[in-house]
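Notes follow the structure.
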Amino acid sequence: MDAVTTCPCDACAKIAILKLKFVVHHGRFSRQRLGNVEQLHGADVIVPHRLLKNKVPSKEYLLVTDAVLQRLPDETRKRFTPHQEEFDVGAITGGYEEIGYLWDMAQATERKRVLPEEAMVNSEVTVNATAEEIYKRLLQPKVMERYLFSDDVEALPGARGEDLGAEFHCHHGGSMVSMRVVSLEPGREITLIADQPTTMHITTRLSDAGDGQTKVARSFLWERPQDPEVAQSLQQMMEAMVLAGEGAIKSVFEETA
């Protein structure tokens with residue numbers, strides 16, 4: 001949200017310093033539908049709402065009630081610091097766990113792009129279309145279906161409807177590959193992370209090839225399986241798919257250029 005916001009107001013300017021907190025409770029509830037809206041009712045529904053205002057000495061935490069703690073494995077339960085709150089509904093006991101370190105770990109480990117020299121497979125094809133034409137269609141589901149050889153692609157926009165952070169669910173037969181945009185330079189470069197057949201990063205770069213043409217270069221990097229035979233099989237499969245993808249990219253983007 002911080003990367004894509006253009007609003008100058010004070011609240012939006014402080015997006016980068018916002019923290020994430022979770023409150024979890026387990027209990028019984030009933031449902032009541034009013035028009036198209038379904039509401040939850042019951043004493044246990046009140047508990048997590050009350051816990052949103054608490055005295056936990058942290059800005060980033062997971063706060064759970066005893067009803068949750070007793071359902072957790074012993075080793076997991078040990079991570080929580082005991083905590084109690086007093087409300088009009090009585091005392092609510094449970095525990096909390098600091099989670100700020102998770103964000104630091106994610107930021108430190110998430111790759112933002114794949115350089116050609118570190119890629120396991122590189123691909124390059126010249127397309128008779130401008131970089132602007134290609135970029136604006138690169139993440140369109142129907143276009144992605146063509147060059148990813150997918151039966152169907154479902155798109156979930158990123159924060160504020162932007163491409164950064166957008167997710168794509170690519171269906172291949174009975175399996176699904178989830179992809180997410182982790183970085184981009186509008187008009188020039190996009191990097192996605194995929195979860196199948198292993199964690200994989202794909203950086204696509206667009207550069208002017210002259211005469212209204214564009215060079216589409218892709219770099220692929222994935223977690224190599226420990227089994228040598230599986231690793232070799234994956235390498236061969238990716239090389240074949242990338243090669244086939246070059247023709248698909250050229251075809252789909254030149255059709256409507």
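For the structure tokens, the naming scheme is as follows: chains receive sequential letters (A, B, ...) according to their order of presentation, residues are indexed from 1 within each chain, and ligands are indexed from 1 in presentation order.
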
**Q.** Backbone DSSP call of strand (DSSP E or B) for region 20-171 of chain A, listed as a PyMOL selection string
**A.** chain A and resi 21-24+30-34+37-41+61-65+81-87+90-98+121-127+152-156+167-171

Give me the region 93-195 of chain A side of the contact with region 79-84 of chain A, cut-off 9 Å, one line per residue showing its nearest atom pair and distance in Å at one decimal, counting only C-alpha atoms, sorted by chain and residue number, as CSV.
```
residue,atom,partner,partner_atom,distance
A:Thr93,CA,A:Gln84,CA,4.3
A:Gly94,CA,A:His83,CA,5.3
A:Gly95,CA,A:Pro82,CA,4.2
A:Tyr96,CA,A:Phe80,CA,5.0
A:Glu97,CA,A:Phe80,CA,4.9
A:Glu98,CA,A:Phe80,CA,8.4
```

Expected file contents, prior selection, N, CA and C atoms, as a PDB file, in the first residue's frame:
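Now in out.pdb:
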```
ATOM      1  N   THR A  93      -8.899 -14.397  29.879  1.00  0.00           N
ATOM      2  CA  THR A  93      -7.502 -14.810  29.994  1.00  0.00           C
ATOM      3  C   THR A  93      -7.039 -15.517  28.731  1.00  0.00           C
ATOM      4  N   GLY A  94      -5.736 -15.455  28.513  1.00  0.00           N
ATOM      5  CA  GLY A  94      -5.144 -16.086  27.340  1.00  0.00           C
ATOM      6  C   GLY A  94      -3.662 -15.795  27.293  1.00  0.00           C
ATOM      7  N   GLY A  95      -3.147 -15.474  26.141  1.00  0.00           N
ATOM      8  CA  GLY A  95      -1.733 -15.162  26.003  1.00  0.00           C
ATOM      9  C   GLY A  95      -1.460 -14.450  24.702  1.00  0.00           C
ATOM     10  N   TYR A  96      -0.266 -13.857  24.601  1.00  0.00           N
ATOM     11  CA  TYR A  96       0.099 -13.168  23.367  1.00  0.00           C
ATOM     12  C   TYR A  96       1.509 -13.557  22.944  1.00  0.00           C
ATOM     13  N   GLU A  97       1.760 -13.406  21.654  1.00  0.00           N
ATOM     14  CA  GLU A  97       3.078 -13.693  21.094  1.00  0.00           C
ATOM     15  C   GLU A  97       3.496 -12.526  20.213  1.00  0.00           C
ATOM     16  N   GLU A  98       4.724 -12.072  20.359  1.00  0.00           N
ATOM     17  CA  GLU A  98       5.268 -11.008  19.503  1.00  0.00           C
ATOM     18  C   GLU A  98       5.433 -11.550  18.088  1.00  0.00           C
TER      19      GLU A  98
END
```

Q: Can you list, as a PyMOL selection string, all residues belonging to region 1-247 of chain A that DSSP tags as helix (DSSP H, G or I)?
A: chain A and resi 10-13+15-17+43-51+66-69+74-77+100-109+116-118+131-137+141-147+159-161+228-247

Which residues of region 219-248 of chain A sit at most 6 Å from region 187-207 of chain A, using only C-alpha atoms? Give each one's shortest atom pair and distance in Å (one decimal place), in chain and ascending residue order, as a Markdown table.
```
| residue | atom | partner | partner_atom | distance |
| --- | --- | --- | --- | --- |
| A:Ser219 | CA | A:Thr203 | CA | 5.3 |
| A:Phe220 | CA | A:Ile202 | CA | 4.8 |
| A:Leu221 | CA | A:His201 | CA | 5.3 |
| A:Trp222 | CA | A:Met200 | CA | 4.1 |
| A:Glu223 | CA | A:Thr199 | CA | 5.7 |
```

Keeping N, CA and C atoms for every residue in the selection just given, could you write it to a file as a PDB file, in the first residue's frame?
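What follows is the written file again.pdb:
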```
ATOM      1  N   SER A 219      13.802 -14.242 -17.013  1.00  0.00           N
ATOM      2  CA  SER A 219      14.799 -14.957 -16.220  1.00  0.00           C
ATOM      3  C   SER A 219      14.073 -15.762 -15.150  1.00  0.00           C
ATOM      4  N   PHE A 220      14.380 -17.049 -15.057  1.00  0.00           N
ATOM      5  CA  PHE A 220      13.708 -17.968 -14.132  1.00  0.00           C
ATOM      6  C   PHE A 220      14.703 -18.489 -13.098  1.00  0.00           C
ATOM      7  N   LEU A 221      14.283 -18.470 -11.842  1.00  0.00           N
ATOM      8  CA  LEU A 221      15.105 -19.008 -10.759  1.00  0.00           C
ATOM      9  C   LEU A 221      14.185 -19.720  -9.770  1.00  0.00           C
ATOM     10  N   TRP A 222      14.531 -20.949  -9.395  1.00  0.00           N
ATOM     11  CA  TRP A 222      13.669 -21.706  -8.496  1.00  0.00           C
ATOM     12  C   TRP A 222      14.494 -22.470  -7.462  1.00  0.00           C
ATOM     13  N   GLU A 223      13.804 -22.923  -6.421  1.00  0.00           N
ATOM     14  CA  GLU A 223      14.447 -23.738  -5.396  1.00  0.00           C
ATOM     15  C   GLU A 223      14.695 -25.128  -5.974  1.00  0.00           C
TER      16      GLU A 223
END
```

Q: Provide the CA of Gly161 (chain A) to CA of Lys142 (chain A) distance in Å, to one decimal place.
A: 18.0 Å

Q: Calculate how many Å separate CA of Ile134 (chain A) from CA of Glu154 (chain A), rounding to one decimal.
A: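 Straight-line distance from CA of Ile134 (chain A) to CA of Glu154 (chain A) works out to 19.6 Å.
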
Q.
For Gly42 (chain A), find every residue with an atom within 8 Å (counting only C-alpha atoms), except residues of its own chain fewer than 6 positions away, and show them as a ChimeraX atom specification.
A. /A:28-30

Q) Near Gly210 (chain A), counting only C-alpha atoms, which residues have an atom at most 12 Å away, once you skip same-chain residues fewer than 4 positions from it, shown as a PyMOL selection string? A) chain A and resi 126-131+214-215

Q. Which residues come within 9 Å of Ala67 (chain A), counting only C-alpha atoms, excluding same-chain residues fewer than 2 positions away, as a list in words?
A.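 Listed by chain and then number, they are His25, His26, Gly27, Val64, Thr65, Leu69, Gln70, Arg71, Thr93 and Gly94 of chain A.
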